[in-house]
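Here's the structure we're looking at; comments come further down.
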Amino acid sequence: MKLRFLGKNSQAGDCPTLYATNRDTYLVQGWKIFANDLLLQLTLPEGETAVEVPTELFEHLEKDGLPPGEFKRLEDPLMVLTPGGTYLVQGRAVADPEALAQMSIPDYESVVEVSKAAITALLEEPRGADLQRGAQPAL
């Protein structure tokens with residue numbers, strides 16, 4: 001898997017990072033989730049995990065030709081807004097040695113892979129059935 005760096009949000013040693021891949025996906029590197037109240041809100045199928053990232057990380061999508069700005073909707077389980085103003089992002093746990101070799105991942109971080117189509121859909125205005133079943137922010 002080939003990666004293209006889109007951006008990061010570094011703060012005092014923290015380094016959530018966003019990459020585009022050659023597989024029409026994004027890799028989202030973020031903090032591992034240890035808070036049980038947040039984990040209980042997620043249903044993680046085998047092979048999937050979730051990471052926590054600042055909302056500002058997704059401003060870097062502009063470098064991949066997507067519109068900048070906030071997500072117009074949140075799709076559970078793909079993305080959940082936390083009370084602290086961060087996103088929980090769920091996706092396939094990255095185990096590809098080639099991809100991991102291109103990244104610097106501290107012990108307290110992990111990486112998930114999310115389809116570009118899924119992220120793009122979150123940038124669109126909700127319509128019809130989406131309005132009726134809108135995902136709820138994390139409590």
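Here's how to read the names in the structure tokens: chain A, B, ... by the order shown, residue numbers from 1 in each chain, ligand numbers from 1 in the order shown.
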Please provide the set of residues having any atom within 9 Å of Gly85 in chain A, restricted to only C-alpha atoms, with same-chain residues fewer than 2 positions apart removed, written as an MDAnalysis selection string.
chainID A and resid 54:55 81:83 87
Give me, as JSON, numbers by chain, all polymer residues having an atom no more than 8 Å from Leu18 in chain A, counting only C-alpha atoms and skipping those fewer than 6 positions away in the same chain.
{"A": [5, 6, 7, 8, 26, 27, 28, 29, 57, 58, 60]}
Give me, as JSON, numbers by chain, all polymer residues having an atom no more than 7 Å from range 101-115 of chain A, counting only C-alpha atoms and skipping those fewer than 5 positions away in the same chain.
{"A": [24, 25, 26, 27, 28, 29, 30, 31, 32, 49, 50, 51, 90, 91, 92, 93, 94]}
Quick one: pick out all alpha helix (DSSP H) residues within range 52-124 of chain A from a backbone DSSP run and write them as a PyMOL selection string.
chain A and resi 97-101+116-122
All residues 8 Å or closer to Pro67 in chain A, only C-alpha atoms, same chain fewer than 3 positions away omitted, as a ChimeraX atom specification:
/A:61-62,123
Put those residues in a file: C-alpha atoms, as a JSON list (two decimals), in the first residue's frame.
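This went into out11.json:
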[["chain", "number", "residue", "atom", "x", "y", "z"],
["A", 61, "LEU", "CA", -8.90, 16.47, 3.23],
["A", 62, "GLU", "CA", -8.69, 19.64, 1.13],
["A", 123, "LEU", "CA", -19.17, 15.84, 3.88]]
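Nearest to Ala95 in chain A of all the residues A:Leu40, A:Asn9, A:Arg4, A:Gly47 is A:Gly47, based on only C-alpha atoms.
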Counting only C-alpha atoms, the option among A:Val53, A:Leu122, A:Ala117, A:Met1 closest to Pro16 in chain A
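When distances to Pro16 in chain A are compared using only C-alpha atoms, the smallest one comes from A:Val53.
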Would you mind telling me which residue in A:Lys63, A:Glu46, A:Leu100, A:Gln41 lies nearest to Val80 in chain A when using only C-alpha atoms?
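Closest candidate: A:Gln41.
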Would you mind listing what lies within 10 Å of Glu124 in chain A as a ChimeraX atom specification, with only C-alpha atoms counted and same-chain residues fewer than 4 positions away left out?
/A:67,71-73,119-120
Store the residues of this selection in a file with N, CA and C atoms, as a short mmCIF file (atom, residue, chain, number, x, y, z; two decimals), in the first residue's frame.
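As a result, result-v4.cif now contains:
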data_model
loop_
_atom_site.label_atom_id
_atom_site.label_comp_id
_atom_site.auth_asym_id
_atom_site.auth_seq_id
_atom_site.Cartn_x
_atom_site.Cartn_y
_atom_site.Cartn_z
N PRO A 67 -13.83 19.10 -0.19
CA PRO A 67 -14.10 20.43 0.37
C PRO A 67 -13.65 20.53 1.82
N PHE A 71 -17.76 18.14 8.96
CA PHE A 71 -18.64 17.12 8.43
C PHE A 71 -20.08 17.57 8.60
N LYS A 72 -20.89 17.31 7.60
CA LYS A 72 -22.30 17.71 7.62
C LYS A 72 -23.15 16.69 8.37
N ARG A 73 -22.64 15.48 8.49
CA ARG A 73 -23.36 14.44 9.21
C ARG A 73 -22.34 13.46 9.77
N ILE A 119 -15.89 8.62 3.77
CA ILE A 119 -15.53 9.95 4.26
C ILE A 119 -16.21 11.02 3.42
N THR A 120 -16.21 10.86 2.10
CA THR A 120 -16.85 11.83 1.21
C THR A 120 -18.33 11.98 1.54
#
